[in-house]
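The structure appears below as structure tokens.
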Amino acid sequence: MEKMDLRYLRSLSKQYPTVAAAATEIINLQAILSLPKGTEHFITDIHGEYDQFQHVLKNGSGAIKRKIEDEFGNAISAAEKKSLATLIYYPEQMMEQVLRNRDGMDMEDWYKVTLYRLIRVCKCASSKYTRSKVRKALPKDFSYVIEELLTGRQEISDQEAYYNEIISSVIRTGRATELVIAFCNLIRRLVVDHLHVVGDIFDRGPYPNLIMDTLMHHHSVDIQWGNHDVYWMGAAAGSPACICNVIRISAKYGNLDLLEDGYGINLVPLARFAMKCYDKDACTCFKLDYREEEYDVRDAFLDEKMHKAIAIMQFKLEGKLIKAHPEFQMDHRLLLDKIDPKKGTVIVEGKEYPLKDTFFPTIDWENPYELSTDEKDVMERLTMAFVNCEKLQRHVRFLFAKGSLYKVYNGNLLYHGCMPMNEDGSFTKVNVYGTEYAGKELYDVLESYARKGYYSIDPQEKKKGQDILWFIWENQNSPVFGKAKMTTFERYFIADKKTHEEAKNPYYRLIEDESVVNRILAEFGLEGAEAHIINGHIPVEAKKGESPVRCGGKLLIIDGGFSKAYQAKTGIAGYTLIYNSYGLVLAAHEPFESVEKAVQEGSDIISHTVLVEHVVRRKTVADTDIGRGLKETIRDLEALLAAYRAGSIPEGELQKGELCS
């Protein structure tokens, strides 16, 4: 046995110091490999829609309803199954309603019936896990009671009285409501084992901060960064251009309250500056796209001026970035120096257009990309506010800890956006600080610089990383953007809508070509009929007949209007995906109205199954990434057993530096 192997096995023997300990763990791990794989839930393009996100999360995109159906079938009515599902989604609210309307109801009987049903659903949900894993998920206050109820067998006469007495005692002691809530929370925890968020938590909707709070308390989650997440990460890192984008888009959608109230970021310096410079300006090009039920229109006068002020600062700062990085190949986006202030026109890609707005009091036409003295002061204050915002920093650190530009997980490739490609289907070579990268290498180098932009203590590396965070947000070769240009300037200032068009990367036309999709999968080490690309970012216009299933099911697009801002265009309220031991279930959702309606009327998101792809053989833990790790551990333990039996390592051997007590 090689010296290095022996050293490793000696280290392993500290954890398993005897033949019995090593053999027991092998038996345990081998048994785990035979369990069904856990259910994965995929959500993307949430865009601040907290209520709809919460509801989809709570119902597991229909996974809980399927568990109830599997367990009860025709044994209880459709209305009872619907009521039970709503209770599991919203136990606190449902219990309030039940207790409020209990006149004439035998509450003891209701508790018994409800708890027996919850126990059955919970047993069904927990059956694919080890007792140890279920035990770790149990709520502290009821861990003993729930474990006894889950492992006890009511149908066996010797245990029937014991089992029933537990439930009766809980009711008598006034703890039945809390136990119902605990069971509901546990069921939701067990039904979905792992959550994937395939990008774009931020923007459009008003509550991405609440979504982030929820994700930070989720038991198991990963995140693939979307373009709208990345520039928030850049803003938290201190990138002035990213900060301007965050404020401008928040202003545009009437969401400045998110920054001020949700994150406690002081926007007073910007407000004062905007009123000073644009007080007499109607700012007609900067009208807000707000939702009436969530916005106080009395704020519009000031918000529109702030909107314009930060947009002009953004164009200046982005222009400086473009000039500082010719390798970004974005000179065609330098537009402030193409404005003729006397004629009131701008030249875009060789053609002259009249401007809809010609009031630019802060632009020095000799140096159009230089911030004015007042703008510099505002920008410094805003940067300090973002960098020192404890809650934003906590959220962004979580995005870095749990997130990445892509993820390979259980045979699927997850990313937001596209693989940058040429018309012939080859991967685009992109110059990143003097070196060309393509395919997986491009993702890896961009992610590496993104992390440096936030974490590096080297000022030069940190600055390069911050500039890459902005690059990822809007460069034509960014894998999470995937368009020839971002026509923000044109949408504000030019009436001709042809200038607003953003040509998509060839990827979006080539994803029906199986050879192209297989090439992308192979680039990330995946192959075979069961490998898929799971893609966010691309709104699927269902009302026009577009399908989220591409290339014969090898590529699944799970965007489609989760955000209310997109629903008029897509015709639905988003797609979600469930991947359990039996296969894939892709569902399309209709808009969610409110939590109140869900509780009071038992209404739910109406979902339509778009795709059901069954596996040939039910997947077990052995077929997963976790299973592969367990198999490696088993091999190591078997080698340790062999070393014990060969005498290479004595059982219970004291390692160097250890002392007998």
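If you're wondering about the labels, chains in the structure tokens are A, B, ... by order shown, residues count from 1 in each chain, ligands from 1 in order shown.
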
- All residues 9 Å or closer to Cys551 of chain A, only C-alpha atoms, same chain fewer than 5 positions away omitted, as a ChimeraX atom specification: /A:511-514,517,556

Would you save the residues from that selection as a CSV table (one decimal), in the first residue's frame, using N, CA and C atoms?
chain,number,residue,atom,x,y,z
A,511,ILE,N,-30.8,26.5,-30.8
A,511,ILE,CA,-31.1,25.5,-29.8
A,511,ILE,C,-32.1,24.4,-30.2
A,512,GLU,N,-32.6,24.5,-31.5
A,512,GLU,CA,-33.4,23.4,-32.0
A,512,GLU,C,-32.5,22.3,-32.7
A,513,ASP,N,-31.2,22.7,-32.8
A,513,ASP,CA,-30.3,21.8,-33.5
A,513,ASP,C,-29.7,20.8,-32.4
A,514,GLU,N,-30.0,19.5,-32.5
A,514,GLU,CA,-29.6,18.6,-31.5
A,514,GLU,C,-28.1,18.5,-31.4
A,517,VAL,N,-26.9,21.4,-29.2
A,517,VAL,CA,-27.2,21.2,-27.8
A,517,VAL,C,-26.3,20.1,-27.2
A,556,LEU,N,-34.9,22.7,-21.8
A,556,LEU,CA,-36.1,23.1,-21.2
A,556,LEU,C,-36.0,24.6,-20.7

Give me, as a CSV table (one decimal) with N, CA and C atoms, in the first residue's frame, all polymer residues having an atom no more than 9 Å from segment 335-346 of chain A, counting only C-alpha atoms and skipping those fewer than 2 positions away in the same chain.
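Here's the written file part.csv:
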chain,number,residue,atom,x,y,z
A,315,PHE,N,-24.9,56.7,-18.0
A,315,PHE,CA,-24.3,56.8,-19.4
A,315,PHE,C,-22.9,57.3,-19.4
A,316,LYS,N,-22.7,58.2,-18.5
A,316,LYS,CA,-21.3,58.8,-18.4
A,316,LYS,C,-20.3,57.7,-17.8
A,319,GLY,N,-19.7,54.9,-20.3
A,319,GLY,CA,-18.8,55.4,-21.3
A,319,GLY,C,-17.4,55.4,-20.9
A,331,ASP,N,-17.4,50.1,-28.3
A,331,ASP,CA,-17.3,51.5,-28.7
A,331,ASP,C,-18.5,52.0,-29.4
A,332,HIS,N,-19.3,51.1,-30.0
A,332,HIS,CA,-20.6,51.5,-30.7
A,332,HIS,C,-21.6,51.9,-29.7
A,333,ARG,N,-21.3,51.7,-28.4
A,333,ARG,CA,-22.3,52.1,-27.3
A,333,ARG,C,-21.9,53.5,-26.7
A,348,VAL,N,-26.5,57.3,-34.3
A,348,VAL,CA,-26.4,55.9,-33.8
A,348,VAL,C,-26.1,55.0,-34.9
A,351,LYS,N,-26.4,56.7,-38.4
A,351,LYS,CA,-27.6,57.4,-38.8
A,351,LYS,C,-28.0,58.4,-37.7
A,352,GLU,N,-28.5,59.6,-38.2
A,352,GLU,CA,-28.8,60.7,-37.3
A,352,GLU,C,-30.3,60.6,-37.0
A,353,TYR,N,-30.6,60.8,-35.7
A,353,TYR,CA,-32.0,60.7,-35.2
A,353,TYR,C,-32.3,62.0,-34.3
A,354,PRO,N,-33.5,62.5,-34.4
A,354,PRO,CA,-33.8,63.6,-33.4
A,354,PRO,C,-34.0,63.1,-32.0
A,355,LEU,N,-33.6,63.8,-31.0
A,355,LEU,CA,-33.7,63.5,-29.6
A,355,LEU,C,-35.1,63.9,-29.1
A,356,LYS,N,-35.7,63.0,-28.3
A,356,LYS,CA,-36.9,63.4,-27.6
A,356,LYS,C,-36.7,64.3,-26.5
A,357,ASP,N,-35.5,64.4,-25.9
A,357,ASP,CA,-35.2,65.2,-24.8
A,357,ASP,C,-33.9,65.8,-25.1
A,358,THR,N,-33.8,67.1,-24.9
A,358,THR,CA,-32.5,67.8,-25.2
A,358,THR,C,-32.0,68.6,-24.0
A,359,PHE,N,-32.5,68.4,-22.8
A,359,PHE,CA,-32.1,69.1,-21.7
A,359,PHE,C,-31.1,68.3,-20.9
A,360,PHE,N,-29.8,68.7,-21.0
A,360,PHE,CA,-28.7,68.0,-20.4
A,360,PHE,C,-27.8,69.0,-19.6
A,363,ILE,N,-24.0,67.9,-18.7
A,363,ILE,CA,-23.0,67.3,-19.6
A,363,ILE,C,-22.1,68.5,-20.1
A,365,TRP,N,-19.9,69.3,-23.0
A,365,TRP,CA,-19.8,68.7,-24.3
A,365,TRP,C,-18.4,68.6,-24.8
A,366,GLU,N,-17.5,69.2,-24.1
A,366,GLU,CA,-16.1,69.0,-24.4
A,366,GLU,C,-15.6,67.6,-23.8
A,367,ASN,N,-16.2,67.3,-22.7
A,367,ASN,CA,-15.8,66.0,-22.0
A,367,ASN,C,-17.1,65.3,-21.5
A,368,PRO,N,-17.9,64.8,-22.5
A,368,PRO,CA,-19.3,64.4,-22.1
A,368,PRO,C,-19.4,63.2,-21.1
A,369,TYR,N,-18.3,62.5,-21.0
A,369,TYR,CA,-18.3,61.3,-20.0
A,369,TYR,C,-17.8,61.6,-18.7
A,489,PHE,N,-30.2,53.7,-23.9
A,489,PHE,CA,-30.2,55.1,-24.3
A,489,PHE,C,-31.3,55.4,-25.4
A,494,ILE,N,-34.8,58.2,-28.3
A,494,ILE,CA,-35.1,58.1,-29.7
A,494,ILE,C,-36.5,57.5,-29.9

- Query: In segment 235-411 of chain A, what's helix (DSSP H, G or I) per DSSP? Answer as a ChimeraX atom specification?
  - Reply: /A:235-237,240-252,256-262,268-278,284-286,292-294,297-324,326-328,331-333,336-338,373-387,390-402

- Among listed residues A:Ala85, A:Ile201, A:Met105, A:Ala21, nearest Cys184 of chain A (using only C-alpha atoms):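 Smallest distance to Cys184 of chain A is found for A:Ala85.
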
- Option closest in space to Pro420 of chain A, from A:Pro269, A:Gly482, A:Gly465, A:Pro17 [counting only C-alpha atoms]: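 Of the candidates, the smallest distance to Pro420 of chain A is held by A:Gly482.
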
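Between Lys376 of chain A and the candidates A:Val121, A:Ile310, A:Ile322, A:Ala137, the tightest atom-to-atom separation, counting only C-alpha atoms, involves A:Ile310.
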
- List the neighbours of Glu490 of chain A out to 9 Å using only C-alpha atoms; skip same-chain residues closer than 6 positions along the sequence, and give me the result as number ranges by chain. A: 348, 496-497, 499-500

Would you mind listing what lies within 12 Å of Gly60 of chain A as a PDB file with C-alpha atoms, in the first residue's frame, with only C-alpha atoms counted and same-chain residues fewer than 3 positions away left out?
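Below you can see result_34.pdb, which holds the result:
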ATOM      1  CA  THR A  39     -37.109  15.773  -5.439  1.00  0.00           C
ATOM      2  CA  GLU A  40     -35.529  18.817  -7.076  1.00  0.00           C
ATOM      3  CA  HIS A  41     -37.544  21.982  -7.721  1.00  0.00           C
ATOM      4  CA  PHE A  42     -36.460  24.489 -10.395  1.00  0.00           C
ATOM      5  CA  ILE A  43     -37.627  28.126 -10.434  1.00  0.00           C
ATOM      6  CA  GLN A  52     -46.139  34.175  -6.229  1.00  0.00           C
ATOM      7  CA  PHE A  53     -42.664  32.881  -5.380  1.00  0.00           C
ATOM      8  CA  GLN A  54     -43.798  31.932  -1.873  1.00  0.00           C
ATOM      9  CA  HIS A  55     -46.855  30.122  -3.172  1.00  0.00           C
ATOM     10  CA  VAL A  56     -44.946  28.116  -5.766  1.00  0.00           C
ATOM     11  CA  LEU A  57     -42.327  27.316  -3.129  1.00  0.00           C
ATOM     12  CA  ALA A  63     -45.581  18.128  -5.727  1.00  0.00           C
ATOM     13  CA  ILE A  64     -47.592  18.338  -2.495  1.00  0.00           C
ATOM     14  CA  LYS A  65     -50.885  17.810  -4.332  1.00  0.00           C
ATOM     15  CA  ARG A  66     -49.392  14.748  -6.003  1.00  0.00           C
ATOM     16  CA  LYS A  67     -48.309  13.378  -2.606  1.00  0.00           C
ATOM     17  CA  ALA A  85     -53.296  21.003   0.467  1.00  0.00           C
ATOM     18  CA  ILE A  88     -50.115  22.420   4.259  1.00  0.00           C
ATOM     19  CA  TYR A  89     -49.270  25.540   2.214  1.00  0.00           C
ATOM     20  CA  ILE A 187     -44.199  18.051   4.986  1.00  0.00           C
ATOM     21  CA  ARG A 188     -43.146  21.009   2.846  1.00  0.00           C
ATOM     22  CA  ARG A 189     -39.565  20.496   4.001  1.00  0.00           C
ATOM     23  CA  LEU A 190     -39.604  16.798   3.070  1.00  0.00           C
ATOM     24  CA  VAL A 191     -41.533  16.910  -0.214  1.00  0.00           C
ATOM     25  CA  VAL A 192     -38.854  19.014  -1.959  1.00  0.00           C
ATOM     26  CA  ASP A 193     -35.302  18.031  -1.094  1.00  0.00           C
ATOM     27  CA  HIS A 194     -33.449  20.715  -3.053  1.00  0.00           C
ATOM     28  CA  LEU A 195     -34.301  24.027  -4.716  1.00  0.00           C
ATOM     29  CA  HIS A 196     -32.590  25.452  -7.817  1.00  0.00           C
ATOM     30  CA  THR A 576     -41.403  25.591 -13.053  1.00  0.00           C
ATOM     31  CA  LEU A 577     -39.856  22.154 -13.157  1.00  0.00           C
ATOM     32  CA  ILE A 578     -39.911  19.194 -10.798  1.00  0.00           C
ATOM     33  CA  TYR A 579     -37.352  16.386 -11.132  1.00  0.00           C
ATOM     34  CA  ASN A 580     -38.140  13.442  -8.879  1.00  0.00           C
ATOM     35  CA  VAL A 585     -42.614  17.353 -14.721  1.00  0.00           C
ATOM     36  CA  LEU A 586     -42.748  20.803 -16.370  1.00  0.00           C
ATOM     37  CA  ALA A 587     -45.715  22.959 -15.396  1.00  0.00           C
ATOM     38  CA  ILE A 605     -52.207  28.596  -8.845  1.00  0.00           C
ATOM     39  CA  SER A 607     -51.084  24.745 -13.367  1.00  0.00           C
TER      40      SER A 607
END

- Message: Which residues are near Asn535 of chain A? Cut-off 8 Å, only C-alpha atoms, ignore same chain within fewer than 4 positions. Put them as a list in words.
- Response: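 Final neighbour list, sorted by chain and number: Val198, Leu414, Tyr415, His416, Gly417, Cys418, Leu555, Leu556, Ile557, Ile558 and Asp559 of chain A.
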
- Query: Out of A:Lys564, A:Lys391, A:Lys429, A:Arg381, which residue has the shortest atom-to-atom distance to Asp203 of chain A when counting only C-alpha atoms?
  - Reply: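 Selected residue with least distance to Asp203 of chain A: A:Lys564.
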